[in-house]
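Next comes upload-v4.cif, with mmCIF, C-alpha atoms and all ligand atoms.
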```cif
data_input
#
loop_
_atom_site.label_atom_id
_atom_site.label_comp_id
_atom_site.auth_asym_id
_atom_site.auth_seq_id
_atom_site.Cartn_x
_atom_site.Cartn_y
_atom_site.Cartn_z
CA MET J 1 -68.12 89.73 164.44
CA ARG J 2 -69.65 86.42 165.27
CA ILE J 3 -68.01 84.59 168.19
CA GLY J 4 -68.81 80.92 168.84
CA ILE J 5 -68.37 78.94 172.05
CA PRO J 6 -68.91 75.22 171.44
CA ALA J 7 -69.15 72.61 174.18
CA GLU J 8 -65.93 70.67 174.80
CA THR J 9 -66.03 67.04 173.69
CA TRP J 10 -62.59 65.82 174.81
CA PRO J 11 -63.12 62.93 177.28
CA GLY J 12 -63.23 64.22 180.85
CA GLU J 13 -63.10 67.87 179.79
CA THR J 14 -65.54 69.83 181.92
CA ARG J 15 -64.32 73.36 181.30
CA VAL J 16 -65.73 75.91 178.91
CA ALA J 17 -63.91 78.74 177.10
CA ALA J 18 -66.34 81.54 178.03
CA THR J 19 -68.51 82.14 181.07
CA PRO J 20 -71.59 84.34 181.41
CA GLU J 21 -69.23 86.98 182.88
CA THR J 22 -67.02 87.11 179.76
CA VAL J 23 -69.92 86.58 177.35
CA LYS J 24 -71.56 89.70 178.75
CA LYS J 25 -68.50 91.74 177.77
CA LEU J 26 -68.22 90.12 174.35
CA ALA J 27 -71.94 90.37 173.58
CA ALA J 28 -71.85 94.14 174.10
CA LYS J 29 -69.89 94.37 170.84
CA HIS J 30 -70.33 91.08 168.98
CA GLU J 31 -72.84 88.38 168.17
CA VAL J 32 -72.08 85.53 170.59
CA ILE J 33 -73.33 82.00 169.98
CA VAL J 34 -73.02 79.52 172.85
CA GLU J 35 -73.71 75.84 172.23
CA SER J 36 -76.55 74.65 174.42
CA GLY J 37 -75.12 72.90 177.48
CA ALA J 38 -71.54 74.15 176.85
CA GLY J 39 -71.15 75.40 180.43
CA LEU J 40 -73.26 72.83 182.24
CA ARG J 41 -70.35 70.92 183.81
CA ALA J 42 -68.80 74.22 184.90
CA ALA J 43 -71.94 75.45 186.68
CA ALA J 44 -72.86 77.86 183.85
CA VAL J 45 -76.35 77.15 182.57
CA ASP J 46 -77.82 78.19 179.22
CA ALA J 47 -80.13 80.71 180.90
CA ALA J 48 -77.15 82.53 182.42
CA TYR J 49 -75.47 82.79 179.00
CA ALA J 50 -78.72 83.96 177.44
CA ALA J 51 -79.12 86.60 180.17
CA ALA J 52 -75.57 87.74 179.39
CA GLY J 53 -76.59 88.34 175.77
CA ALA J 54 -75.65 85.09 174.02
CA ILE J 55 -77.70 83.21 171.46
CA ILE J 56 -78.05 79.58 172.55
CA ALA J 57 -77.78 77.22 169.58
CA GLY J 58 -76.45 73.86 168.39
CA ALA J 59 -72.81 72.90 167.86
CA ALA J 60 -72.92 73.64 164.12
CA ASP J 61 -73.89 77.27 164.78
CA ALA J 62 -71.26 77.70 167.50
CA PHE J 63 -68.53 76.42 165.14
CA ASN J 64 -69.81 78.48 162.21
CA ALA J 65 -68.32 81.71 163.57
CA ASP J 66 -65.59 84.24 162.72
CA ILE J 67 -63.88 83.49 166.03
CA VAL J 68 -64.25 80.18 167.85
CA LEU J 69 -63.23 80.02 171.50
CA LYS J 70 -62.22 76.59 172.78
CA VAL J 71 -60.49 74.94 175.72
CA ARG J 72 -59.14 71.97 173.72
CA SER J 73 -58.18 71.83 170.08
CA PRO J 74 -61.17 70.79 167.92
CA ASN J 75 -61.27 67.20 166.62
CA ALA J 76 -61.58 66.33 162.92
CA GLY J 77 -65.38 66.55 162.86
CA GLU J 78 -65.32 69.86 164.68
CA ARG J 79 -62.66 71.34 162.40
CA GLU J 80 -64.88 70.47 159.43
CA GLN J 81 -67.63 72.62 160.91
CA MET J 82 -65.38 75.68 161.06
CA LYS J 83 -65.17 78.16 158.20
CA PRO J 84 -61.86 78.29 156.37
CA GLY J 85 -60.21 81.55 157.42
CA ALA J 86 -61.90 81.56 160.84
CA ILE J 87 -59.97 82.38 164.00
CA LEU J 88 -59.49 79.66 166.60
CA VAL J 89 -58.34 80.48 170.13
CA GLY J 90 -57.61 77.78 172.71
CA MET J 91 -55.09 75.49 174.35
CA LEU J 92 -54.14 73.95 171.02
CA ASN J 93 -51.14 71.86 172.03
CA PRO J 94 -48.33 73.67 170.17
CA PHE J 95 -46.06 70.61 170.45
CA ASP J 96 -48.51 68.30 168.64
CA ALA J 97 -47.32 68.57 165.03
CA ASP J 98 -50.20 66.49 163.57
CA ASN J 99 -52.79 68.69 165.18
CA LEU J 100 -51.09 71.86 163.98
CA ARG J 101 -50.94 70.50 160.43
CA ALA J 102 -54.64 69.63 160.54
CA LEU J 103 -55.54 73.15 161.68
CA ALA J 104 -53.41 74.65 158.90
CA GLU J 105 -54.96 72.33 156.29
CA ARG J 106 -58.37 73.63 157.26
CA ARG J 107 -56.97 77.13 156.55
CA LEU J 108 -57.69 78.32 160.06
CA THR J 109 -55.88 81.15 161.82
CA ALA J 110 -55.12 79.58 165.15
CA PHE J 111 -53.72 80.89 168.43
CA ALA J 112 -52.33 78.43 171.00
CA LEU J 113 -52.55 80.29 174.27
CA GLU J 114 -50.08 77.97 176.05
CA ALA J 115 -47.36 79.43 173.84
CA ALA J 116 -47.69 82.96 175.24
CA PRO J 117 -44.43 84.29 176.70
CA ARG J 118 -44.07 84.30 180.52
CA THR J 119 -43.80 88.09 180.66
CA THR J 120 -45.47 90.65 182.90
CA ARG J 121 -47.59 91.89 179.97
CA ALA J 122 -48.80 88.37 179.18
CA GLN J 123 -49.68 87.50 182.78
CA SER J 124 -53.39 88.25 182.48
CA LEU J 125 -53.74 85.81 179.58
CA ASP J 126 -51.37 83.14 180.90
CA VAL J 127 -53.48 79.98 180.70
CA LEU J 128 -50.68 77.70 181.87
CA SER J 129 -50.49 79.64 185.12
CA SER J 130 -54.22 80.01 185.67
CA GLN J 131 -54.86 76.31 185.13
CA ALA J 132 -51.73 75.04 186.93
CA ASN J 133 -52.78 77.09 189.93
CA VAL J 134 -56.15 75.33 190.04
CA ALA J 135 -54.57 71.91 189.44
CA GLY J 136 -51.98 72.37 192.21
CA TYR J 137 -54.76 73.12 194.65
CA LYS J 138 -56.81 70.11 193.60
CA ALA J 139 -53.80 67.77 193.74
CA VAL J 140 -53.45 68.45 197.47
CA LEU J 141 -57.16 67.91 198.09
CA LEU J 142 -57.07 64.60 196.20
CA ALA J 143 -54.05 63.50 198.20
CA ALA J 144 -55.66 64.56 201.49
CA ASP J 145 -58.82 62.68 200.57
CA THR J 146 -56.90 59.47 199.84
CA TYR J 147 -54.47 59.73 202.77
CA GLN J 148 -55.86 57.87 205.76
CA ARG J 149 -54.48 60.27 208.36
CA PHE J 150 -54.85 63.92 209.33
CA MET J 151 -52.93 66.67 207.56
CA PRO J 152 -52.56 68.99 210.61
CA MET J 153 -51.00 68.19 213.94
CA LEU J 154 -53.75 67.62 216.51
CA MET J 155 -53.53 67.46 220.28
CA THR J 156 -56.55 65.61 221.59
CA ALA J 157 -57.60 63.91 224.82
CA ALA J 158 -56.93 60.63 223.03
CA GLY J 159 -53.37 61.65 222.27
CA THR J 160 -51.39 63.64 219.75
CA VAL J 161 -51.65 63.20 215.98
CA LYS J 162 -48.59 64.11 213.95
CA ALA J 163 -48.80 66.54 211.02
CA ALA J 164 -48.46 65.02 207.56
CA ARG J 165 -45.14 65.51 205.79
CA VAL J 166 -45.59 66.63 202.20
CA LEU J 167 -42.88 66.61 199.54
CA ILE J 168 -43.43 68.74 196.44
CA MET J 169 -41.27 68.03 193.40
CA GLY J 170 -41.22 71.00 191.02
CA ALA J 171 -42.14 74.36 192.52
CA GLY J 172 -43.53 76.24 189.51
CA VAL J 173 -47.06 77.61 189.52
CA ALA J 174 -48.73 74.26 190.38
CA GLY J 175 -46.09 73.33 192.96
CA LEU J 176 -46.28 76.68 194.73
CA GLN J 177 -50.06 76.46 194.93
CA ALA J 178 -49.73 72.89 196.23
CA ILE J 179 -47.37 74.17 198.94
CA ALA J 180 -49.79 76.97 199.88
CA THR J 181 -52.77 74.57 199.99
CA ALA J 182 -50.97 71.88 201.99
CA ARG J 183 -49.77 74.57 204.37
CA ARG J 184 -53.33 75.80 204.93
CA LEU J 185 -54.23 72.23 205.87
CA GLY J 186 -51.41 72.21 208.42
CA ALA J 187 -48.87 69.91 206.75
CA VAL J 188 -45.09 70.15 207.09
CA ILE J 189 -43.67 70.73 203.61
CA GLU J 190 -40.44 70.29 201.69
CA ALA J 191 -39.97 71.17 198.03
CA SER J 192 -37.43 70.60 195.28
CA ASP J 193 -36.82 72.37 191.96
CA VAL J 194 -33.96 72.82 189.54
CA ARG J 195 -34.29 76.58 189.40
CA PRO J 196 -32.47 78.20 192.32
CA ALA J 197 -34.69 81.29 192.05
CA VAL J 198 -37.53 79.19 193.45
CA LYS J 199 -35.89 78.74 196.87
CA GLU J 200 -37.04 82.13 198.12
CA GLN J 201 -40.63 81.56 196.91
CA VAL J 202 -40.77 78.14 198.57
CA GLU J 203 -39.47 79.51 201.85
CA SER J 204 -41.82 82.49 201.79
CA LEU J 205 -44.72 80.00 201.71
CA GLY J 206 -43.40 78.31 204.83
CA ALA J 207 -41.84 75.23 203.21
CA LYS J 208 -38.25 73.98 203.32
CA PHE J 209 -36.27 73.98 200.07
CA ILE J 210 -34.23 70.87 199.28
CA ASP J 211 -31.00 72.40 198.02
CA VAL J 212 -29.18 70.29 195.43
CA PRO J 213 -25.70 71.82 195.22
CA PHE J 214 -24.25 72.88 191.85
CA GLU J 215 -20.78 71.55 191.17
CA THR J 216 -20.06 73.31 187.88
CA GLU J 217 -20.84 76.68 186.35
CA GLU J 218 -22.54 74.81 183.47
CA GLU J 219 -24.99 73.18 185.89
CA ARG J 220 -25.77 76.51 187.47
CA GLU J 221 -26.33 78.07 184.06
CA ILE J 222 -28.68 75.31 182.81
CA ALA J 223 -30.63 75.44 186.07
CA GLN J 224 -31.61 79.06 185.42
CA GLY J 225 -33.85 77.70 182.63
CA THR J 226 -34.99 79.66 179.58
CA GLY J 227 -37.91 82.08 179.62
CA GLY J 228 -38.94 80.89 183.09
CA TYR J 229 -38.97 77.20 182.04
CA ALA J 230 -36.67 74.44 183.21
CA ARG J 231 -34.18 72.78 180.88
CA PRO J 232 -33.06 69.16 181.19
CA MET J 233 -30.35 69.03 183.86
CA PRO J 234 -27.02 67.20 183.39
CA GLN J 235 -26.98 63.59 184.55
CA ALA J 236 -24.60 64.28 187.44
CA TRP J 237 -26.94 66.87 188.95
CA MET J 238 -29.96 64.59 188.47
CA GLN J 239 -28.10 61.86 190.38
CA ARG J 240 -27.34 64.19 193.30
CA GLN J 241 -30.96 65.30 193.31
CA ALA J 242 -32.09 61.66 193.30
CA GLN J 243 -29.87 60.87 196.29
CA LEU J 244 -31.32 63.73 198.29
CA VAL J 245 -34.88 62.91 197.24
CA ALA J 246 -34.33 59.27 198.18
CA GLU J 247 -33.49 60.42 201.71
CA ARG J 248 -36.41 62.83 202.04
CA ILE J 249 -39.05 60.63 200.41
CA LYS J 250 -38.72 57.95 203.10
CA LEU J 251 -40.05 60.50 205.58
CA ALA J 252 -42.85 61.84 203.37
CA ASP J 253 -46.52 60.89 203.74
CA ILE J 254 -47.63 62.68 200.59
CA VAL J 255 -45.61 63.42 197.45
CA ILE J 256 -46.89 65.76 194.75
CA THR J 257 -44.88 65.87 191.55
CA THR J 258 -45.27 68.70 189.03
CA ALA J 259 -41.92 68.80 187.21
CA LEU J 260 -42.22 69.57 183.51
CA ILE J 261 -39.88 70.54 180.70
CA PRO J 262 -41.80 72.10 177.79
CA GLY J 263 -41.98 69.96 174.66
CA ARG J 264 -40.25 66.98 176.30
CA LYS J 265 -41.13 63.96 178.34
CA ALA J 266 -41.31 64.80 182.05
CA PRO J 267 -38.21 63.83 184.07
CA VAL J 268 -38.56 60.71 186.23
CA LEU J 269 -37.81 61.89 189.76
CA VAL J 270 -39.46 59.14 191.82
CA THR J 271 -38.13 55.67 191.00
CA GLU J 272 -39.66 52.33 191.95
CA ALA J 273 -37.02 51.92 194.67
CA MET J 274 -38.06 55.27 196.14
CA VAL J 275 -41.73 54.23 196.16
CA GLU J 276 -40.74 50.99 197.86
CA SER J 277 -38.91 52.95 200.56
CA MET J 278 -42.01 55.00 201.43
CA LYS J 279 -44.22 54.31 204.43
CA PRO J 280 -47.30 52.12 203.88
CA GLY J 281 -50.34 54.33 203.33
CA SER J 282 -48.38 57.13 201.70
CA VAL J 283 -49.85 58.89 198.67
CA ILE J 284 -48.25 60.18 195.47
CA VAL J 285 -50.08 62.51 193.08
CA ASP J 286 -48.25 62.62 189.74
CA MET J 287 -49.33 65.85 188.06
CA ALA J 288 -46.90 65.24 185.19
CA VAL J 289 -48.62 61.97 184.24
CA GLU J 290 -49.84 63.33 180.88
CA GLN J 291 -46.22 64.05 179.90
CA GLY J 292 -45.07 60.55 180.85
CA GLY J 293 -45.01 61.06 184.61
CA ASN J 294 -42.46 62.05 187.26
CA CYS J 295 -43.05 58.75 189.06
CA ALA J 296 -41.90 55.57 187.35
CA LEU J 297 -45.00 53.67 188.56
CA SER J 298 -47.80 56.13 187.82
CA GLU J 299 -50.43 55.19 185.24
CA LEU J 300 -52.28 57.73 183.15
CA GLY J 301 -55.93 58.00 184.21
CA ALA J 302 -55.63 55.48 187.02
CA THR J 303 -55.06 55.27 190.76
CA VAL J 304 -52.85 52.31 191.57
CA VAL J 305 -51.41 50.87 194.77
CA ARG J 306 -47.77 49.81 194.50
CA HIS J 307 -45.63 48.72 197.47
CA ASP J 308 -48.49 49.89 199.75
CA VAL J 309 -48.32 53.40 198.33
CA THR J 310 -51.31 54.88 196.46
CA ILE J 311 -50.22 56.58 193.23
CA ILE J 312 -52.76 58.91 191.65
CA GLY J 313 -52.33 59.46 187.91
CA GLU J 314 -55.42 61.53 187.18
CA PRO J 315 -54.95 63.81 184.17
CA ASN J 316 -56.36 67.29 183.82
CA LEU J 317 -56.87 68.12 187.49
CA ALA J 318 -57.97 71.67 186.63
CA ALA J 319 -61.11 70.16 185.07
CA ARG J 320 -62.06 68.88 188.53
CA VAL J 321 -62.56 72.47 189.66
CA ALA J 322 -64.44 73.23 186.47
CA ALA J 323 -66.28 76.40 187.45
CA ASP J 324 -63.31 78.38 188.73
CA ALA J 325 -60.89 76.88 186.19
CA SER J 326 -63.32 78.03 183.46
CA ALA J 327 -63.79 81.44 185.05
CA LEU J 328 -60.03 82.06 185.06
CA TYR J 329 -59.51 80.56 181.60
CA ALA J 330 -62.36 82.61 180.13
CA ARG J 331 -60.79 85.81 181.52
CA ASN J 332 -57.46 84.80 179.97
CA VAL J 333 -59.23 84.34 176.63
CA LEU J 334 -61.02 87.68 176.92
CA ASP J 335 -57.72 89.43 177.61
CA PHE J 336 -56.14 87.72 174.62
CA LEU J 337 -58.97 88.86 172.33
CA LYS J 338 -58.15 92.47 173.22
CA LEU J 339 -54.85 91.94 171.38
CA ILE J 340 -56.46 90.89 168.10
CA ILE J 341 -59.65 92.98 168.08
CA ASP J 342 -59.23 96.75 167.82
CA LYS J 343 -61.45 99.43 169.38
CA ASP J 344 -63.63 99.53 166.24
CA ASN J 345 -64.25 95.79 166.71
CA ASN J 346 -62.20 94.78 163.70
CA LEU J 347 -59.77 91.91 163.62
CA VAL J 348 -56.13 93.06 163.55
CA ILE J 349 -53.35 90.50 163.67
CA ASP J 350 -50.23 92.44 164.54
CA ARG J 351 -47.41 89.97 164.09
CA ASN J 352 -44.97 92.46 165.59
CA ASP J 353 -46.71 92.04 168.94
CA ASP J 354 -44.65 89.47 170.87
CA ILE J 355 -47.69 87.74 172.40
CA VAL J 356 -49.53 87.53 169.07
CA ALA J 357 -46.39 86.27 167.31
CA ALA J 358 -45.70 83.62 169.97
CA THR J 359 -49.24 82.24 170.07
CA LEU J 360 -50.01 82.34 166.33
CA ILE J 361 -49.44 78.80 165.10
CA CYS J 362 -51.02 79.01 161.65
CA ILE J 363 -52.52 81.71 159.49
CA ASP J 364 -54.65 81.18 156.38
CA GLY J 365 -53.22 77.72 155.82
CA GLU J 366 -49.61 78.64 156.50
CA LEU J 367 -48.11 76.62 159.33
CA LEU J 368 -45.83 78.79 161.46
CA ARG J 369 -44.49 76.04 163.72
CA LYS J 370 -43.13 72.62 162.98
P1 LIG S 1 -43.64 74.02 184.51
O1 LIG S 1 -45.05 73.61 184.69
O2 LIG S 1 -43.06 74.03 183.14
O3 LIG S 1 -42.72 73.10 185.43
C1 LIG S 1 -43.02 72.92 186.80
C2 LIG S 1 -41.76 73.05 187.62
O4 LIG S 1 -40.97 71.87 187.50
C3 LIG S 1 -40.86 74.22 187.25
O5 LIG S 1 -40.68 75.06 188.36
C4 LIG S 1 -39.57 73.55 186.83
O6 LIG S 1 -38.41 74.31 187.13
C5 LIG S 1 -39.62 72.26 187.63
N1 LIG S 1 -38.70 71.19 187.19
C6 LIG S 1 -38.37 70.81 185.94
N2 LIG S 1 -37.48 69.80 185.97
C7 LIG S 1 -37.27 69.51 187.27
C8 LIG S 1 -36.46 68.56 187.96
N3 LIG S 1 -35.68 67.71 187.30
N4 LIG S 1 -36.50 68.55 189.31
C9 LIG S 1 -37.27 69.42 189.99
N5 LIG S 1 -38.06 70.34 189.40
C10 LIG S 1 -38.04 70.39 188.07
O7 LIG S 1 -43.40 75.47 185.14
P2 LIG S 1 -44.48 76.61 185.38
O8 LIG S 1 -45.22 76.32 186.60
O9 LIG S 1 -45.24 76.80 184.12
O10 LIG S 1 -43.61 77.89 185.68
C11 LIG S 1 -42.33 78.11 185.19
C12 LIG S 1 -41.79 79.42 185.77
O11 LIG S 1 -42.30 80.52 185.05
C13 LIG S 1 -42.15 79.66 187.21
O12 LIG S 1 -41.04 80.16 187.90
C14 LIG S 1 -43.13 80.75 187.19
O13 LIG S 1 -43.07 81.57 188.34
C15 LIG S 1 -42.67 81.51 185.98
N6 LIG S 1 -43.79 82.28 185.48
C16 LIG S 1 -43.60 83.57 185.15
C17 LIG S 1 -44.67 84.31 184.70
C18 LIG S 1 -44.52 85.75 184.35
O14 LIG S 1 -43.50 86.33 184.62
N7 LIG S 1 -45.51 86.31 183.73
C19 LIG S 1 -45.90 83.74 184.55
C20 LIG S 1 -46.05 82.41 184.88
C21 LIG S 1 -44.98 81.67 185.34
#
```

Go ahead and express the file in the form of structure tokens.
Ligand code: NAD
Amino acid sequence: MRIGIPAETWPGETRVAATPETVKKLAAKHEVIVESGAGLRAAAVDAAYAAAGAIIAGAADAFNADIVLKVRSPNAGEREQMKPGAILVGMLNPFDADNLRALAERRLTAFALEAAPRTTRAQSLDVLSSQANVAGYKAVLLAADTYQRFMPMLMTAAGTVKAARVLIMGAGVAGLQAIATARRLGAVIEASDVRPAVKEQVESLGAKFIDVPFETEEEREIAQGTGGYARPMPQAWMQRQAQLVAERIKLADIVITTALIPGRKAPVLVTEAMVESMKPGSVIVDMAVEQGGNCALSELGATVVRHDVTIIGEPNLAARVAADASALYARNVLDFLKLIIDKDNNLVIDRNDDIVAATLICIDGELLRK
């Protein structure tokens, strides 16, 4: 089969869907076409892809393939360059109905990797986890870079410097990596999440868990989430959480928010009043900014100063660690391909396989999601 890897054209996207490491494995069995320059921003040069067995060509050749590997969903012009019936694999935004319709209209067979189940078997191809892990790390480094004080406690001849206090809102994959990274830098950390199961993970990383008590069985049940994901919490619980956060945030130097609910706008957890109560010079990194933001004052794609607090609303933080984010993503993609290519190198779409069924969003023009 012919596998194409075009360069990403989405603004600010630096990642690439295959690296020389994964191309080497693919090229042993398939013809692999890499668009010239596709990996440049992720430290993967054309010569490395060529040495791994790829043919370096223009975008039209990379899109004219049986299987196209992408990070972002192709735009209209890119879709036009794909063959009807071709396979598309990428982070295709399964909640964007217009995009899904456009892919189906082009008669593509498309797999949105973000829709894979959060099961043990799907772990090696879990793009949400691999990229959130990178983003959580980078969020702490961005915060540390902006914060005008030390992260660790220091005892010097000129006096003692206090450790930074970091508050993490949402302790999923990104939040847990943010805790681990802030901890390595010597900060004192507190974290909040709706899912009680997270408490143990937070504590095992050396952070304190902000326990919001449950007052009804219904609250406790909703907080368990579905399939590993959070569900919107009842208003009464959100209010109790807000009260506790309002207390803790006054003490925090750095706040990193990661709270998401799949397919919905992110919950607002940091209000303007909370920002106003923070110490001058504090920093907030809103990792949920692309889903509307966890902080009421964050702005997508901008760093703003409000009430003497710097609020970073940079999207796509994983793309700021492009080489490793690509390396992990490319391995996820390679593992996914093993599910749809059999040992004789033929395409087999087994819709009884739970990962294939969950990620398949359209097949030969039929839209499988709304
Ligand atoms: P996510 O990115 O969807 O959300 C980030 C975090 O925000 C979650 O922990 C969520 O509970 C939290 N959140 C939502 N609303 C909140 C609120 N109002 N207040 C505070 N926190 C709130 O989540 P994710 O990082 O993709 O991970 C979800 C879960 O799935 C994690 O527990 C993770 O460990 C689990 N997971 C399991 C597997 C597997 O078993 N293969 C793989 C990956 C992730």

Please produce, as CSV, a per-residue contact table for chain J versus ligand LIG 1 (chain S) (criterion: any atom at most 9 Å away, all atoms listed in the file considered), showing the nearest atom pair and its distance in Å to one decimal, sorted by chain then residue number.
```
residue,atom,partner,partner_atom,distance
J:Pro117,CA,S:LIG1,N7,7.4
J:Arg118,CA,S:LIG1,N7,4.1
J:Thr119,CA,S:LIG1,N7,3.9
J:Thr120,CA,S:LIG1,N7,4.4
J:Arg121,CA,S:LIG1,N7,7.0
J:Ala122,CA,S:LIG1,N7,6.0
J:Gln123,CA,S:LIG1,N7,4.4
J:Ser124,CA,S:LIG1,N7,8.2
J:Asp126,CA,S:LIG1,C19,6.6
J:Val127,CA,S:LIG1,C20,8.9
J:Leu128,CA,S:LIG1,O9,6.0
J:Ser129,CA,S:LIG1,C20,5.2
J:Ser130,CA,S:LIG1,C20,8.6
J:Ala132,CA,S:LIG1,O8,6.6
J:Asn133,CA,S:LIG1,O8,8.3
J:Ile168,CA,S:LIG1,C9,8.9
J:Met169,CA,S:LIG1,C9,5.4
J:Gly170,CA,S:LIG1,N5,3.6
J:Ala171,CA,S:LIG1,O5,4.5
J:Gly172,CA,S:LIG1,O5,3.3
J:Val173,CA,S:LIG1,O8,3.7
J:Ala174,CA,S:LIG1,O8,5.6
J:Gly175,CA,S:LIG1,C2,6.9
J:Leu176,CA,S:LIG1,O8,8.2
J:Ala191,CA,S:LIG1,C9,8.7
J:Ser192,CA,S:LIG1,C9,5.4
J:Asp193,CA,S:LIG1,N5,3.5
J:Val194,CA,S:LIG1,C9,4.8
J:Arg195,CA,S:LIG1,O6,5.2
J:Pro196,CA,S:LIG1,O6,8.8
J:Ala197,CA,S:LIG1,O12,7.7
J:Val198,CA,S:LIG1,O12,6.6
J:Gln201,CA,S:LIG1,O13,8.9
J:Ala223,CA,S:LIG1,O6,7.9
J:Gln224,CA,S:LIG1,O6,8.5
J:Gly225,CA,S:LIG1,O6,7.2
J:Gly227,CA,S:LIG1,O11,7.2
J:Gly228,CA,S:LIG1,O11,3.9
J:Tyr229,CA,S:LIG1,C11,4.7
J:Ala230,CA,S:LIG1,O6,4.3
J:Arg231,CA,S:LIG1,N2,6.8
J:Pro232,CA,S:LIG1,N2,6.5
J:Met233,CA,S:LIG1,N3,6.5
J:Trp237,CA,S:LIG1,N3,8.9
J:Met238,CA,S:LIG1,N3,6.6
J:Gln241,CA,S:LIG1,N4,7.6
J:Thr257,CA,S:LIG1,O4,8.2
J:Thr258,CA,S:LIG1,C1,5.3
J:Ala259,CA,S:LIG1,O4,3.2
J:Leu260,CA,S:LIG1,O3,4.0
J:Ile261,CA,S:LIG1,O2,5.3
J:Pro262,CA,S:LIG1,O2,5.8
J:Ala266,CA,S:LIG1,N2,7.4
J:Pro267,CA,S:LIG1,N3,5.6
J:Val268,CA,S:LIG1,N3,7.6
J:Leu269,CA,S:LIG1,N3,6.7
J:Ala288,CA,S:LIG1,O1,8.6
J:Asn294,CA,S:LIG1,N3,8.8
```

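Using only C-alpha atoms, the residues found no farther than 10 Å from region 336-353 of chain J, other than those of its own chain fewer than 6 positions away, are J:Met1, J:Leu26, J:Lys29, J:His30, J:Asp66, J:Ile67, J:Leu69, J:Ile87, J:Val89, J:Thr109, J:Phe111, J:Leu113, J:Ala116, J:Ala122, J:Ser124, J:Leu125, J:Asp126, J:Ala330, J:Thr359, J:Leu360, J:Ile363.
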
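Counting all atoms listed in the file, Gln148 (chain J) has the following residues at most 12 Å away, ignoring those fewer than 6 positions along the same chain: Leu142, Ala164, Asp253, Ile254, Pro280, Gly281, Ser282, Val283, Val309 and Thr310 of chain J.
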
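Pairwise distance (CA of Glu276 (chain J), CA of Ile249 (chain J)) equals 10.1 Å.
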
Legend entry - Residues within 12 Å of Val71 (chain J), all atoms listed in the file, excluding chain neighbours under 4 positions, as a count of residues only: 40

(message) Could you list, as a ChimeraX atom specification, every residue within 12 Å of Gln243 (chain J), counting all atoms listed in the file and ignoring same-chain residues fewer than 4 positions away?
(response) /J:210-213,236-239,247-250,269-271,273-274

- Task: Please provide as a ChimeraX atom specification all residues within 10 Å of region 98-103 of chain J, with the sequence filter that same-chain residues fewer than 4 positions apart are discarded (counting all atoms listed in the file).
- Result: /J:73-76,79-80,84,88,92-94,107-110,112,361-370

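Rounded to one decimal, CA of Glu190 (chain J) and CA of Pro152 (chain J) lie 15.1 Å from each other.
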
Between CA of Lys265 (chain J) and CA of Gly292 (chain J) lies a distance of 5.8 Å
